[in-house]
Amino acid sequence: VIEAFNAKYPNVTIDFQYSPPVADYVEKLSTLLYSGAGPDIFYMALENREDLIKGNYVEDLSNEPYMTDGTIPDSVKTTYGADGKAYSLAVDCWVGGIFYNKDIFAEYDIAVPTTVTEFKAAVETLKANGVTPFALGFKDSWTIKPVSLIAAASAVYGKDIHWDDARSAGTESFAACSGWSTTFELMKYIYENGNTQTAFDTDYNTACAMIANGEAAMMVQGLWALEPIKEINPSINLGMMALPVSENPDDTKLFQFPDFGLSISASTKYPEACKLFLEFLTRPEIAELWCSTSKLFSAVKGVSVDFDPLAKDVEAYIDAGMVCTQVDRGWPTAFGPEYESALSSYLLDQDSLEHILAGLDASWDNALAASQAN
């Protein structure tokens, strides 16, 4: 992409610097921006988004043409924002859902479920035929959270995209929201119907190998799992479906998550050049180049890519509007670790769901107070 930009605009130089891992990157970026020596354009991670926006270190992009003319859909453009404003250009989207082996489903005459009853019936059919329903790799603890977010996308945010605002205002709570109970209960159901006895001894790569080798029929994960699965078994006939959360098929939404977004430093000396580069990324041919290479879906409206047959399943949900793009992007920064800790506590029966949800309410309030104090 940078080569294409430089060819068209030789008077502008883009110096790309890569700084993994995320935790180190967040600390390094924050330090540079606070000292006034930050980059002109940068990836604003979830971990430091709130602090950087509140500190006025990030340019407001809300009035840029691609944000106002429909190029970037409304459901995507404020994902990295605050107070209805856009502070990043979302470049691509991953999706989270259920990978499933289409050949195994066909062998046992299982249709893609759209309700909880159908979903559980599919699981029981697989078990009755000696097939492990879900591949679980919870030794890598980060793999647990996506399962819950994929459920919450439909159970909570698919019904109220502004649930976070209501929680912060005190008009909603984890304890009183049936959608959060559903989220945790479905997460446990998936845990109880996979390689349960070995889940916390099995890592992510091994879980990918399980579904790749036909040792499990499904895996609840983000699109990033496609490549390691296909590396093991290039000919696997994979599909992706949304996780049902009720008896109403209309509630079944795929989690579409704006992933990589670029922001402009509020103190850049080259605002016009920076804005030109971001606008360049929204041009259809460049958006297609980006996403066909990264094997992700474009955040630019109307740009579709055909990097895998599974993409047709995903685009059917997108075209039907059966997606939800908001889950943890609006959470107070300090709340995330508390939430992740609660997931494993519930799975391992270390606490009751009632107490866990009440604890999440307290953690939210504490995290919100801390962010407001800062």
# chains A, B, ... in the order shown; residues from 1 in each chain; ligands from 1

$ residues_around --residues "Ser235 of chain A" --least-positions-apart "6" --cutoff "12 Å" --atoms "only C-alpha atoms" --output "list of chain:residue names"
A:Asn101, A:Lys102, A:Asp103, A:Ala212, A:Asn213, A:Gly214, A:Ile229, A:Asp308, A:Pro309

$ residues_around --residues "Met44 of chain A" --least-positions-apart "2" --cutoff "9 Å" --atoms "only C-alpha atoms" --output "PDB file with N, CA and C atoms, in the first residue's frame"
ATOM      1  N   VAL A  26       1.885  -0.158  23.083  1.00  0.00           N
ATOM      2  CA  VAL A  26       1.003   0.800  23.754  1.00  0.00           C
ATOM      3  C   VAL A  26       1.804   1.715  24.672  1.00  0.00           C
ATOM      4  N   LEU A  29       4.129   4.017  22.480  1.00  0.00           N
ATOM      5  CA  LEU A  29       3.386   5.065  21.783  1.00  0.00           C
ATOM      6  C   LEU A  29       2.931   6.148  22.748  1.00  0.00           C
ATOM      7  N   PHE A  42      -0.552   6.727  13.503  1.00  0.00           N
ATOM      8  CA  PHE A  42      -0.291   5.573  14.356  1.00  0.00           C
ATOM      9  C   PHE A  42      -1.547   4.728  14.531  1.00  0.00           C
ATOM     10  N   LEU A  46      -6.880  -0.467  21.586  1.00  0.00           N
ATOM     11  CA  LEU A  46      -7.962  -0.361  22.567  1.00  0.00           C
ATOM     12  C   LEU A  46      -7.414   0.025  23.934  1.00  0.00           C
ATOM     13  N   GLU A  47      -6.210  -0.481  24.259  1.00  0.00           N
ATOM     14  CA  GLU A  47      -5.655  -0.296  25.591  1.00  0.00           C
ATOM     15  C   GLU A  47      -5.349   1.162  25.933  1.00  0.00           C
ATOM     16  N   ASN A  48      -5.070   1.987  24.923  1.00  0.00           N
ATOM     17  CA  ASN A  48      -4.746   3.383  25.236  1.00  0.00           C
ATOM     18  C   ASN A  48      -5.671   4.391  24.556  1.00  0.00           C
ATOM     19  N   ARG A  49      -6.702   3.898  23.891  1.00  0.00           N
ATOM     20  CA  ARG A  49      -7.620   4.766  23.151  1.00  0.00           C
ATOM     21  C   ARG A  49      -8.224   5.854  24.036  1.00  0.00           C
ATOM     22  N   LEU A  52      -5.682   8.583  25.240  1.00  0.00           N
ATOM     23  CA  LEU A  52      -5.179   9.454  24.186  1.00  0.00           C
ATOM     24  C   LEU A  52      -6.240  10.440  23.705  1.00  0.00           C
ATOM     25  N   TYR A  80     -13.583   3.509  17.023  1.00  0.00           N
ATOM     26  CA  TYR A  80     -12.407   3.988  17.743  1.00  0.00           C
ATOM     27  C   TYR A  80     -12.638   5.404  18.275  1.00  0.00           C
ATOM     28  N   TYR A  87     -12.041   9.100  15.755  1.00  0.00           N
ATOM     29  CA  TYR A  87     -10.636   9.463  15.942  1.00  0.00           C
ATOM     30  C   TYR A  87      -9.682   8.513  15.224  1.00  0.00           C
ATOM     31  N   SER A  88     -10.232   7.534  14.526  1.00  0.00           N
ATOM     32  CA  SER A  88      -9.417   6.627  13.730  1.00  0.00           C
ATOM     33  C   SER A  88     -10.172   6.258  12.469  1.00  0.00           C
ATOM     34  N   PHE A 260      -8.149  -2.999  12.575  1.00  0.00           N
ATOM     35  CA  PHE A 260      -6.980  -2.123  12.507  1.00  0.00           C
ATOM     36  C   PHE A 260      -7.417  -0.729  12.079  1.00  0.00           C
ATOM     37  N   GLY A 261      -7.119   0.259  12.901  1.00  0.00           N
ATOM     38  CA  GLY A 261      -7.479   1.634  12.576  1.00  0.00           C
ATOM     39  C   GLY A 261      -6.292   2.555  12.721  1.00  0.00           C
ATOM     40  N   LEU A 262      -6.197   3.544  11.857  1.00  0.00           N
ATOM     41  CA  LEU A 262      -5.095   4.503  11.902  1.00  0.00           C
ATOM     42  C   LEU A 262      -5.593   5.871  12.339  1.00  0.00           C
ATOM     43  N   SER A 263      -4.815   6.503  13.206  1.00  0.00           N
ATOM     44  CA  SER A 263      -5.130   7.828  13.728  1.00  0.00           C
ATOM     45  C   SER A 263      -4.035   8.809  13.351  1.00  0.00           C
TER      46      SER A 263
END

$ atom_distance --atom1 "atom CA of Trp94 of chain A" --atom2 "atom CA of Leu223 of chain A"
5.8 Å

$ closest_residue --among "A:Ala311, A:Ala217, A:Ala169, A:Ala358" --to "Glu107 of chain A" --atoms "only C-alpha atoms"
A:Ala217

$ closest_atom_pairs --of "segment 137-179 of chain A" --to "segment 188-204 of chain A" --cutoff "10 Å" --atoms "only C-alpha atoms" --output "tab-separated table"
residue	atom	partner	partner_atom	distance
A:Gly137	CA	A:Asp203	CA	4.4
A:Phe138	CA	A:Phe200	CA	4.7
A:Lys139	CA	A:Phe200	CA	4.3
A:Asp140	CA	A:Asp203	CA	5.3
A:Ser141	CA	A:Phe200	CA	8.2
A:Trp142	CA	A:Tyr204	CA	9.1
A:Thr143	CA	A:Tyr204	CA	7.1
A:Ile144	CA	A:Tyr191	CA	9.5
A:Val147	CA	A:Ile190	CA	8.6
A:Ser148	CA	A:Lys188	CA	9.3

$ write_last_selection --atoms "C-alpha atoms" --output "PDB file, in the first residue's frame"
ATOM      1  CA  GLY A 137      -7.607 -24.077  23.319  1.00  0.00           C
ATOM      2  CA  PHE A 138      -8.001 -22.381  26.685  1.00  0.00           C
ATOM      3  CA  LYS A 139      -4.391 -22.958  27.759  1.00  0.00           C
ATOM      4  CA  ASP A 140      -3.900 -19.696  25.870  1.00  0.00           C
ATOM      5  CA  SER A 141      -6.254 -17.720  28.079  1.00  0.00           C
ATOM      6  CA  TRP A 142      -6.872 -15.006  25.461  1.00  0.00           C
ATOM      7  CA  THR A 143      -8.944 -17.512  23.462  1.00  0.00           C
ATOM      8  CA  ILE A 144     -11.712 -17.492  26.078  1.00  0.00           C
ATOM      9  CA  VAL A 147     -16.160 -16.812  22.784  1.00  0.00           C
ATOM     10  CA  SER A 148     -17.926 -14.488  25.207  1.00  0.00           C
TER      11      SER A 148
END

$ select_by_dssp --residues "segment 30-76 of chain A" --states "helix (DSSP H, G or I)" --output "MDAnalysis selection string"
chainID A and resid 30:34 46:54 65:68 74:76

$ closest_residue --among "A:Ala152, A:Leu360, A:Ala45, A:Leu32" --to "Thr252 of chain A" --atoms "only C-alpha atoms"
A:Ala152

$ closest_residue --among "A:Lys275, A:Lys127, A:Lys159, A:Lys301" --to "Glu288 of chain A" --atoms "only C-alpha atoms"
A:Lys301

$ closest_residue --among "A:Phe99, A:Phe5, A:Gln17, A:Phe257" --to "Arg329 of chain A" --atoms "only C-alpha atoms"
A:Phe257

$ closest_residue --among "A:Leu289, A:Ala216, A:Ala299, A:Ala106" --to "Met67 of chain A" --atoms "only C-alpha atoms"
A:Ala299

$ closest_residue --among "A:Ser371, A:Ser363, A:Ser30, A:Asn129" --to "Glu50 of chain A" --atoms "only C-alpha atoms"
A:Ser371

$ closest_atom_pairs --of "segment 20-109 of chain A" --to "segment 121-125 of chain A" --cutoff "12 Å" --atoms "only C-alpha atoms" --output "CSV"
residue,atom,partner,partner_atom,distance
A:Tyr100,CA,A:Ala122,CA,11.4
A:Ile104,CA,A:Thr125,CA,10.9
A:Phe105,CA,A:Ala122,CA,8.6
A:Ala106,CA,A:Ala122,CA,11.5
A:Glu107,CA,A:Thr125,CA,10.9
A:Tyr108,CA,A:Thr125,CA,7.4
A:Asp109,CA,A:Thr125,CA,9.2

$ atom_distance --atom1 "atom CA of Cys93 of chain A" --atom2 "atom CA of Phe297 of chain A"
5.0 Å

$ atom_distance --atom1 "atom CA of Lys77 of chain A" --atom2 "atom CA of Trp224 of chain A"
21.8 Å

$ decode --residues "segment 357-374 of chain A" --atoms "N, CA, C and O atoms" --output "PDB file, in the first residue's frame"
ATOM      1  N   LEU A 357     -21.600 -11.509  38.009  1.00  0.00           N
ATOM      2  CA  LEU A 357     -22.196 -10.372  37.321  1.00  0.00           C
ATOM      3  C   LEU A 357     -22.254  -9.147  38.228  1.00  0.00           C
ATOM      4  O   LEU A 357     -22.005  -8.015  37.779  1.00  0.00           O
ATOM      5  N   ALA A 358     -22.553  -9.360  39.492  1.00  0.00           N
ATOM      6  CA  ALA A 358     -22.539  -8.245  40.442  1.00  0.00           C
ATOM      7  C   ALA A 358     -21.132  -7.681  40.573  1.00  0.00           C
ATOM      8  O   ALA A 358     -20.937  -6.455  40.682  1.00  0.00           O
ATOM      9  N   GLY A 359     -20.144  -8.572  40.556  1.00  0.00           N
ATOM     10  CA  GLY A 359     -18.755  -8.136  40.632  1.00  0.00           C
ATOM     11  C   GLY A 359     -18.344  -7.324  39.416  1.00  0.00           C
ATOM     12  O   GLY A 359     -17.559  -6.376  39.526  1.00  0.00           O
ATOM     13  N   LEU A 360     -18.866  -7.686  38.240  1.00  0.00           N
ATOM     14  CA  LEU A 360     -18.563  -6.923  37.035  1.00  0.00           C
ATOM     15  C   LEU A 360     -19.140  -5.515  37.119  1.00  0.00           C
ATOM     16  O   LEU A 360     -18.534  -4.554  36.638  1.00  0.00           O
ATOM     17  N   ASP A 361     -20.308  -5.389  37.731  1.00  0.00           N
ATOM     18  CA  ASP A 361     -20.876  -4.056  37.930  1.00  0.00           C
ATOM     19  C   ASP A 361     -19.966  -3.202  38.800  1.00  0.00           C
ATOM     20  O   ASP A 361     -19.701  -2.029  38.493  1.00  0.00           O
ATOM     21  N   ALA A 362     -19.473  -3.787  39.877  1.00  0.00           N
ATOM     22  CA  ALA A 362     -18.571  -3.047  40.767  1.00  0.00           C
ATOM     23  C   ALA A 362     -17.268  -2.694  40.046  1.00  0.00           C
ATOM     24  O   ALA A 362     -16.748  -1.580  40.187  1.00  0.00           O
ATOM     25  N   SER A 363     -16.746  -3.636  39.258  1.00  0.00           N
ATOM     26  CA  SER A 363     -15.507  -3.388  38.525  1.00  0.00           C
ATOM     27  C   SER A 363     -15.686  -2.282  37.496  1.00  0.00           C
ATOM     28  O   SER A 363     -14.794  -1.445  37.293  1.00  0.00           O
ATOM     29  N   TRP A 364     -16.840  -2.270  36.837  1.00  0.00           N
ATOM     30  CA  TRP A 364     -17.132  -1.219  35.856  1.00  0.00           C
ATOM     31  C   TRP A 364     -17.142   0.152  36.536  1.00  0.00           C
ATOM     32  O   TRP A 364     -16.540   1.106  36.049  1.00  0.00           O
ATOM     33  N   ASP A 365     -17.846   0.226  37.653  1.00  0.00           N
ATOM     34  CA  ASP A 365     -17.939   1.508  38.363  1.00  0.00           C
ATOM     35  C   ASP A 365     -16.564   2.006  38.800  1.00  0.00           C
ATOM     36  O   ASP A 365     -16.248   3.193  38.688  1.00  0.00           O
ATOM     37  N   ASN A 366     -15.743   1.099  39.296  1.00  0.00           N
ATOM     38  CA  ASN A 366     -14.385   1.475  39.718  1.00  0.00           C
ATOM     39  C   ASN A 366     -13.540   1.940  38.561  1.00  0.00           C
ATOM     40  O   ASN A 366     -12.801   2.928  38.645  1.00  0.00           O
ATOM     41  N   ALA A 367     -13.637   1.197  37.433  1.00  0.00           N
ATOM     42  CA  ALA A 367     -12.853   1.554  36.258  1.00  0.00           C
ATOM     43  C   ALA A 367     -13.321   2.883  35.670  1.00  0.00           C
ATOM     44  O   ALA A 367     -12.506   3.703  35.213  1.00  0.00           O
ATOM     45  N   LEU A 368     -14.626   3.097  35.686  1.00  0.00           N
ATOM     46  CA  LEU A 368     -15.172   4.346  35.169  1.00  0.00           C
ATOM     47  C   LEU A 368     -14.724   5.531  36.030  1.00  0.00           C
ATOM     48  O   LEU A 368     -14.325   6.575  35.503  1.00  0.00           O
ATOM     49  N   ALA A 369     -14.773   5.346  37.342  1.00  0.00           N
ATOM     50  CA  ALA A 369     -14.333   6.409  38.245  1.00  0.00           C
ATOM     51  C   ALA A 369     -12.862   6.724  38.038  1.00  0.00           C
ATOM     52  O   ALA A 369     -12.455   7.897  38.056  1.00  0.00           O
ATOM     53  N   ALA A 370     -12.048   5.692  37.833  1.00  0.00           N
ATOM     54  CA  ALA A 370     -10.613   5.897  37.621  1.00  0.00           C
ATOM     55  C   ALA A 370     -10.356   6.668  36.333  1.00  0.00           C
ATOM     56  O   ALA A 370      -9.489   7.558  36.269  1.00  0.00           O
ATOM     57  N   SER A 371     -11.108   6.323  35.272  1.00  0.00           N
ATOM     58  CA  SER A 371     -10.898   7.003  33.992  1.00  0.00           C
ATOM     59  C   SER A 371     -11.328   8.468  34.063  1.00  0.00           C
ATOM     60  O   SER A 371     -10.705   9.333  33.465  1.00  0.00           O
ATOM     61  N   GLN A 372     -12.386   8.732  34.812  1.00  0.00           N
ATOM     62  CA  GLN A 372     -12.863  10.118  34.953  1.00  0.00           C
ATOM     63  C   GLN A 372     -11.915  10.941  35.822  1.00  0.00           C
ATOM     64  O   GLN A 372     -11.735  12.133  35.593  1.00  0.00           O
ATOM     65  N   ALA A 373     -11.290  10.261  36.788  1.00  0.00           N
ATOM     66  CA  ALA A 373     -10.330  10.966  37.652  1.00  0.00           C
ATOM     67  C   ALA A 373      -9.097  11.375  36.882  1.00  0.00           C
ATOM     68  O   ALA A 373      -8.465  12.403  37.171  1.00  0.00           O
ATOM     69  N   ASN A 374      -8.744  10.551  35.882  1.00  0.00           N
ATOM     70  CA  ASN A 374      -7.562  10.845  35.086  1.00  0.00           C
ATOM     71  C   ASN A 374      -7.840  11.935  34.056  1.00  0.00           C
ATOM     72  O   ASN A 374      -6.943  12.464  33.432  1.00  0.00           O
TER      73      ASN A 374
END
